[in-house]
Structure formats: C-alpha cells, structure tokens
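Q: Contents of model-v4.txt (compact mmCIF, C-alpha atoms) are below:
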# COMPACT_ATOMS: atom_id res chain seq x y z
CA MET X 181 62.17 102.47 122.09
CA THR X 182 59.42 100.13 120.90
CA ALA X 183 60.21 96.66 119.61
CA THR X 184 59.35 97.85 116.10
CA ALA X 185 61.78 100.75 116.35
CA ASP X 186 64.47 98.41 117.68
CA TYR X 187 64.03 96.01 114.77
CA LYS X 188 63.97 98.85 112.26
CA THR X 189 67.28 100.11 113.63
CA LEU X 190 68.63 96.57 113.53
CA ALA X 191 67.61 96.22 109.88
CA GLU X 192 69.19 99.53 108.93
CA ARG X 193 72.48 98.52 110.55
CA ALA X 194 72.42 95.03 109.05
CA SER X 195 71.70 96.47 105.62
CA GLN X 196 75.15 98.05 105.73
CA GLU X 197 77.00 95.27 107.56
CA LEU X 198 75.60 92.47 105.37
CA ALA X 199 75.57 94.34 102.07
CA ASP X 200 78.01 91.85 100.56
CA ALA X 201 77.03 88.79 102.60
CA THR X 202 76.76 85.38 100.98
CA ALA X 203 73.44 83.58 101.12
CA ASP X 204 74.74 81.28 103.85
CA GLU X 205 76.00 84.24 105.88
CA ALA X 206 72.69 86.08 105.57
CA ILE X 207 70.71 83.04 106.67
CA ARG X 208 73.06 82.29 109.56
CA TRP X 209 72.66 85.89 110.72
CA THR X 210 68.90 85.48 110.53
CA VAL X 211 68.93 82.31 112.63
CA ASP X 212 71.36 83.79 115.16
CA THR X 213 69.35 87.01 115.43
CA PHE X 214 65.77 85.75 115.40
CA GLY X 215 65.88 82.11 116.47
CA ASP X 216 62.39 80.73 115.84
CA ASP X 217 60.92 84.17 115.20
CA PHE X 218 61.19 84.23 111.40
CA ILE X 219 59.63 82.49 108.42
CA VAL X 220 60.89 81.59 104.94
CA ALA X 221 58.57 82.40 102.05
CA SER X 222 58.27 80.08 99.06
CA ASN X 223 56.01 80.03 96.01
CA MET X 224 57.08 76.42 95.44
CA GLN X 225 58.67 77.09 92.09
CA ASP X 226 61.72 75.45 93.59
CA ALA X 227 63.22 74.62 96.98
CA VAL X 228 66.44 76.60 96.70
CA LEU X 229 65.69 78.98 99.56
CA ILE X 230 64.27 76.18 101.70
CA ASP X 231 67.38 74.07 101.15
CA LEU X 232 69.64 76.97 102.11
CA ALA X 233 67.59 77.74 105.21
CA THR X 234 67.42 74.16 106.46
CA LYS X 235 71.21 73.94 106.46
CA ALA X 236 71.14 76.49 109.28
CA LYS X 237 67.81 75.49 110.88
CA SER X 238 66.26 72.16 109.91
CA ASP X 239 62.86 72.92 111.45
CA VAL X 240 62.38 76.31 109.82
CA ASP X 241 58.84 77.63 109.20
CA VAL X 242 57.99 77.90 105.48
CA LEU X 243 55.26 80.26 104.28
CA PHE X 244 53.14 79.17 101.32
CA LEU X 245 50.30 81.36 100.08
CA GLU X 246 47.50 78.88 99.39
CA THR X 247 45.49 81.10 97.07
CA GLY X 248 43.11 78.43 95.82
CA TYR X 249 44.28 79.04 92.26
CA HIS X 250 47.54 77.09 92.12
CA PHE X 251 48.56 74.59 89.47
CA PRO X 252 48.36 70.98 90.68
CA GLU X 253 52.12 70.79 90.07
CA THR X 254 52.69 73.62 92.54
CA ILE X 255 50.70 71.86 95.24
CA GLY X 256 52.63 68.70 94.41
CA THR X 257 55.91 70.54 94.83
CA ARG X 258 54.78 71.83 98.21
CA ASP X 259 53.96 68.28 99.30
CA ALA X 260 57.29 67.02 97.96
CA VAL X 261 59.11 69.70 99.97
CA GLN X 262 57.47 68.40 103.12
CA ALA X 263 58.60 64.87 102.26
CA VAL X 264 62.19 65.84 101.46
CA TYR X 265 62.51 68.24 104.40
CA PRO X 266 60.38 66.48 107.03
CA ASN X 267 61.32 68.84 109.85
CA VAL X 268 60.11 72.02 108.19
CA LYS X 269 56.75 73.42 109.18
CA ILE X 270 54.78 74.56 106.14
CA VAL X 271 52.43 77.40 107.05
CA ASN X 272 49.62 77.55 104.48
CA ALA X 273 48.34 81.14 104.51
CA GLN X 274 44.82 81.30 103.15
CA ALA X 275 42.46 84.12 102.26
CA GLU X 276 39.50 84.84 104.51
CA GLN X 277 37.16 83.80 101.70
CA SER X 278 37.26 80.61 99.65
CA VAL X 279 37.34 81.04 95.88
CA ALA X 280 33.63 80.24 95.77
CA GLU X 281 32.84 82.85 98.43
CA GLN X 282 34.93 85.44 96.60
CA ASP X 283 33.13 84.62 93.34
CA ALA X 284 29.79 85.07 95.09
CA GLU X 285 30.74 88.54 96.35
CA TYR X 286 32.82 89.91 93.47
CA GLY X 287 31.77 87.76 90.53
CA GLU X 288 33.69 84.96 88.85
CA LYS X 289 37.18 85.42 87.45
CA LEU X 290 38.03 88.51 89.46
CA HIS X 291 41.63 87.83 88.45
CA ASP X 292 40.73 88.71 84.86
CA ARG X 293 38.76 91.86 85.66
CA ASP X 294 40.74 93.26 88.59
CA PRO X 295 43.92 91.24 89.19
CA THR X 296 45.23 93.76 91.71
CA LEU X 297 42.19 93.32 93.94
CA CYS X 298 42.35 89.55 93.54
CA CYS X 299 46.04 89.51 94.52
CA ASN X 300 45.30 91.74 97.48
CA LEU X 301 42.54 89.46 98.76
CA ARG X 302 44.29 86.15 98.15
CA LYS X 303 47.96 87.06 98.67
CA VAL X 304 48.70 90.42 100.25
CA VAL X 305 46.20 90.28 103.12
CA PRO X 306 46.95 86.64 104.08
CA LEU X 307 50.67 87.40 103.89
CA ARG X 308 50.39 90.40 106.18
CA LYS X 309 48.26 88.46 108.66
CA THR X 310 50.75 85.57 108.77
CA LEU X 311 53.82 87.80 109.00
CA GLY X 312 52.23 89.44 112.02
CA ASN X 313 53.30 86.33 113.96
CA TYR X 314 57.00 86.89 113.22
CA SER X 315 59.72 89.52 113.53
CA ALA X 316 61.42 88.71 110.21
CA TRP X 317 60.85 86.95 106.92
CA VAL X 318 63.22 85.51 104.34
CA THR X 319 62.42 85.76 100.63
CA GLY X 320 63.90 84.51 97.37
CA VAL X 321 63.74 87.88 95.62
CA ARG X 322 66.67 88.43 93.25
CA ARG X 323 67.82 91.63 91.58
CA VAL X 324 67.76 90.02 88.13
CA ASP X 325 64.09 89.05 88.47
CA ALA X 326 62.72 92.38 87.28
CA PRO X 327 63.68 96.06 86.97
CA THR X 328 61.55 96.76 90.05
CA ARG X 329 63.86 94.50 92.06
CA ALA X 330 67.22 95.73 90.74
CA ASN X 331 68.21 97.46 93.98
CA THR X 332 67.05 94.77 96.41
CA PRO X 333 69.27 94.78 99.53
CA ILE X 334 70.28 91.67 101.46
CA VAL X 335 68.61 93.01 104.61
CA THR X 336 66.01 95.75 104.82
CA TRP X 337 63.12 97.01 106.88
CA ASP X 338 59.79 95.96 105.37
CA ASP X 339 57.70 99.01 106.21
CA ARG X 340 54.62 97.61 104.49
CA ASN X 341 54.45 94.56 106.76
CA GLY X 342 56.31 95.95 109.78
CA LEU X 343 59.18 93.48 110.13
CA VAL X 344 62.73 92.76 109.00
CA LYS X 345 63.09 91.33 105.49
CA ILE X 346 66.07 89.23 104.44
CA ASN X 347 66.83 88.49 100.78
CA PRO X 348 69.80 86.07 100.96
CA ILE X 349 70.07 85.37 97.24
CA ALA X 350 69.37 88.91 96.04
CA ALA X 351 72.75 89.10 94.29
CA TRP X 352 72.58 85.70 92.58
CA THR X 353 72.65 85.59 88.81
CA ASP X 354 70.55 83.12 86.85
CA ASP X 355 73.66 80.99 86.30
CA GLU X 356 74.38 80.89 90.03
CA PHE X 357 70.77 80.07 90.80
CA ASN X 358 70.45 77.29 88.23
CA GLY X 359 73.90 76.01 89.15
CA TYR X 360 72.79 75.56 92.75
CA ILE X 361 69.74 73.59 91.63
CA HIS X 362 71.80 71.23 89.47
CA GLU X 363 74.73 70.86 91.86
CA HIS X 364 72.57 70.02 94.86
CA GLY X 365 69.70 68.21 93.13
CA ILE X 366 67.13 70.71 94.40
CA LEU X 367 63.43 70.09 93.98
CA GLU X 368 61.95 72.14 91.16
CA ASN X 369 58.36 72.56 90.04
CA PRO X 370 57.94 70.39 86.90
CA LEU X 371 56.26 73.31 85.13
CA VAL X 372 59.65 75.04 84.87
CA SER X 373 60.91 72.42 82.42
CA ILE X 374 58.05 73.16 80.01
CA GLY X 375 58.46 76.92 79.92
CA TYR X 376 56.78 78.30 83.02
CA LEU X 377 59.68 80.36 84.33
CA SER X 378 57.85 82.53 86.87
CA ILE X 379 55.06 80.59 88.50
CA GLY X 380 52.12 82.14 90.28
CA CYS X 381 48.42 81.35 90.22
CA ALA X 382 47.30 79.26 87.24
CA PRO X 383 44.89 81.82 85.71
CA CYS X 384 47.59 84.50 85.67
CA THR X 385 50.63 82.45 84.61
CA ALA X 386 51.61 81.51 81.05
CA ARG X 387 54.50 79.76 79.37
CA VAL X 388 57.40 81.95 78.32
CA ALA X 389 58.90 81.70 74.85
CA PRO X 390 62.65 81.05 74.60
CA GLY X 391 64.58 84.26 75.12
CA GLN X 392 61.69 86.14 76.69
CA ASP X 393 61.78 87.79 80.09
CA PRO X 394 60.84 85.04 82.58
CA ARG X 395 58.27 87.31 84.25
CA SER X 396 56.55 88.09 80.94
CA GLY X 397 54.39 85.05 81.61
CA ARG X 398 52.83 86.71 84.66
CA TRP X 399 49.64 88.69 83.92
CA ALA X 400 50.45 88.48 80.21
CA GLY X 401 48.82 91.25 78.21
CA GLN X 402 48.31 93.48 81.26
CA SER X 403 50.37 96.30 82.72
CA LYS X 404 50.59 94.53 86.06
CA THR X 405 54.10 93.23 86.93
CA GLU X 406 53.95 92.59 90.69
CA CYS X 407 51.36 90.92 92.91
CA GLY X 408 52.01 93.38 95.72
CA LEU X 409 54.07 91.15 98.00
CA HIS X 410 57.39 92.81 97.19
CA GLY X 411 56.46 96.02 95.45
Could you rewrite the structure in this file as structure tokens?
A:
Amino acid sequence: MTATADYKTLAERASQELADATADEAIRWTVDTFGDDFIVASNMQDAVLIDLATKAKSDVDVLFLETGYHFPETIGTRDAVQAVYPNVKIVNAQAEQSVAEQDAEYGEKLHDRDPTLCCNLRKVVPLRKTLGNYSAWVTGVRRVDAPTRANTPIVTWDDRNGLVKINPIAAWTDDEFNGYIHEHGILENPLVSIGYLSIGCAPCTARVAPGQDPRSGRWAGQSKTECGLHG
C-alpha cells in the first residue's frame, strides 16, 4: 500500500474509534500518531485550538493564511499568539501573487466580482501547497458553525488535500466554546466584541446583528457561504 492509502485507512478507522473523543483525546491521538508531521490551522479569531494543541505539544506548527486582506486586528491577534505561545511556529501561507499583482492580472476588487476565484487564489491554493508538507491537519470546524458542517466527524480523510483531518472541537456547542475562552482567559480577536462573529478577510466580513447567524457576516448579500477550505 502507498503512504496515502495507509493514512486513508488510518483515518477511516480513527473516525469510528474517536467518534466520541474529547478535544484533548483527539489532539493527544494526533500528537501520538503524527509527531511533528501535522499542523494546526487558525484564522486568528481566537486561540482556542492553539491553546488546546499546545497542552499536548508546545512547539506545534500553526497555519495562518496570510491573504493580504486581513483586518489589522487579525494580524495583531496572530502576533499576540506568538507572544503568548512562544514555542509555536506560525506558518504564514501566502498566495503566489501579491494583492497588487492579482489586481494587475484580474482587476481590482476581485473579491467583489468573483469571490470564489479570489478565495481560491488567496486561500485554497496556498492551503493545499502548505498542507503538502504534512500528513495531517487540525481544524477548529464545529458542527454548529453552519448547516454545511453539521455532520463534521472528529477524524476524517481529507480527499481534497490528501491528508488526515482532525476536528477536535467539532461537537462543542457555542456555550462550551465561549466557556473555554472565559475559563482559561484565551486570546480573542478584539473584533469579536464589536459584532464580528465569523472573521475572514476584511472586504468580505461584516458585523452581525444580535440574534443573527454568526456566519451571515461572511460574503453578506451573496450566495457564497464557504471559502472552499472545508467545503
């Protein structure tokens, strides 16, 4: 069997064995199984997943998609994460083109005219290239985030990127998630406190009114609901 086939089989088995695993159990399994050969993804909305991961591996690699379109507060949160967790290695995945180079080829504000293409160029392709250096990645996807994520397993095979995908907090409710932040004093992007409840690139992220779906602030007014990283 090829290494890919081996890992796919591993993921399928773990999907059953870890179906009811706690976040700590899922992360410990990841560390025990992959050692240094995995990366934790973060959009720097908060450091919940990073905090959980560093309890099992203090020098974990953390993937941040540096799209060139982030809020200053998001970049500040990334820098604060490095200060609070000095042993982590932040891997800034960047697009092949700068924003200026993309504007020159496709025209300005591609995100307004074709957000799917913009996400592909600045997120999906850099993600896939970076994940090619690892055998597994850990994400903060939760089932309550969106209907498209309602059946998210704890462990799965990521066929799109060709590696094992672990979602340790998939089963967490909003109360459990926010409780962890408050109980442990976890870093949180300051934009959250003023109504930005699902933070992506600045041009495509808006405040959310009280009671609204947190992801309604992403690509507001468009049919798009996912950037292509998870679905």
Q: List as a list in words: which residues have an atom within 9 Å of (70.3, 92.0, 97.6), counting all atoms listed in the file?
A: Ala199, Asp200, Ala201, Val321, Arg322, Arg323, Arg329, Ala330, Asn331, Thr332, Pro333, Ile334, Val335, Ile346, Asn347, Pro348, Ile349, Ala350, Ala351 and Trp352 of chain X
Q: Please provide the set of residues having any atom within 10 Å of segment 240-251 of chain X, restricted to only C-alpha atoms, with same-chain residues fewer than 4 positions apart removed, written as a ChimeraX atom specification.
A: /X:211,215-224,229-230,233-236,255-258,261-262,265,267-275,277-280,291,298-299,301-304,306-307,310-311,317-319,371,379-385
Q: With only C-alpha atoms as the basis for distance, which of X:Ala326, X:Glu368, X:Ala203, X:Trp337 is at the shortest distance from Pro394 of chain X?
A: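 Once distances to Pro394 of chain X are computed over only C-alpha atoms, the minimum belongs to X:Ala326.
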Q: Env of Ala185 of chain X: 10 Å cut, atoms = all atoms listed in the file, seq-sep filter 5 positions within chain, self excluded. Answer as a list in words.
A: Leu190, Ala191, Gly342 and Leu343 of chain X
Q: What is the atom CA of Thr328 of chain X to atom CA of Asp292 of chain X distance in Å?
A: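 Those two atoms sit 22.9 Å apart.
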Q: Do you have the atom CA of Asp226 of chain X-atom CA of Asn369 of chain X distance handy?
A: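 That distance, rounded to one decimal, is 5.7 Å.
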Q: For atom CA of Gln196 of chain X and atom CA of Thr336 of chain X, quote the distance in Å rounded to one decimal.
A: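 It comes out at 9.5 Å.
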Q: Between X:Glu276, X:Asp259, X:Glu285, X:Asp212, which has the minimum distance to Lys237 of chain X (counting all atoms listed in the file)?
A: X:Asp212
Q: Check the smallest atom-to-atom distance from each of X:Arg340, X:His362, X:Ala227, X:Thr189 to Lys309 of chain X using all atoms listed in the file, then report the winner.
A: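 Closest residue, counting all atoms listed in the file: X:Arg340.
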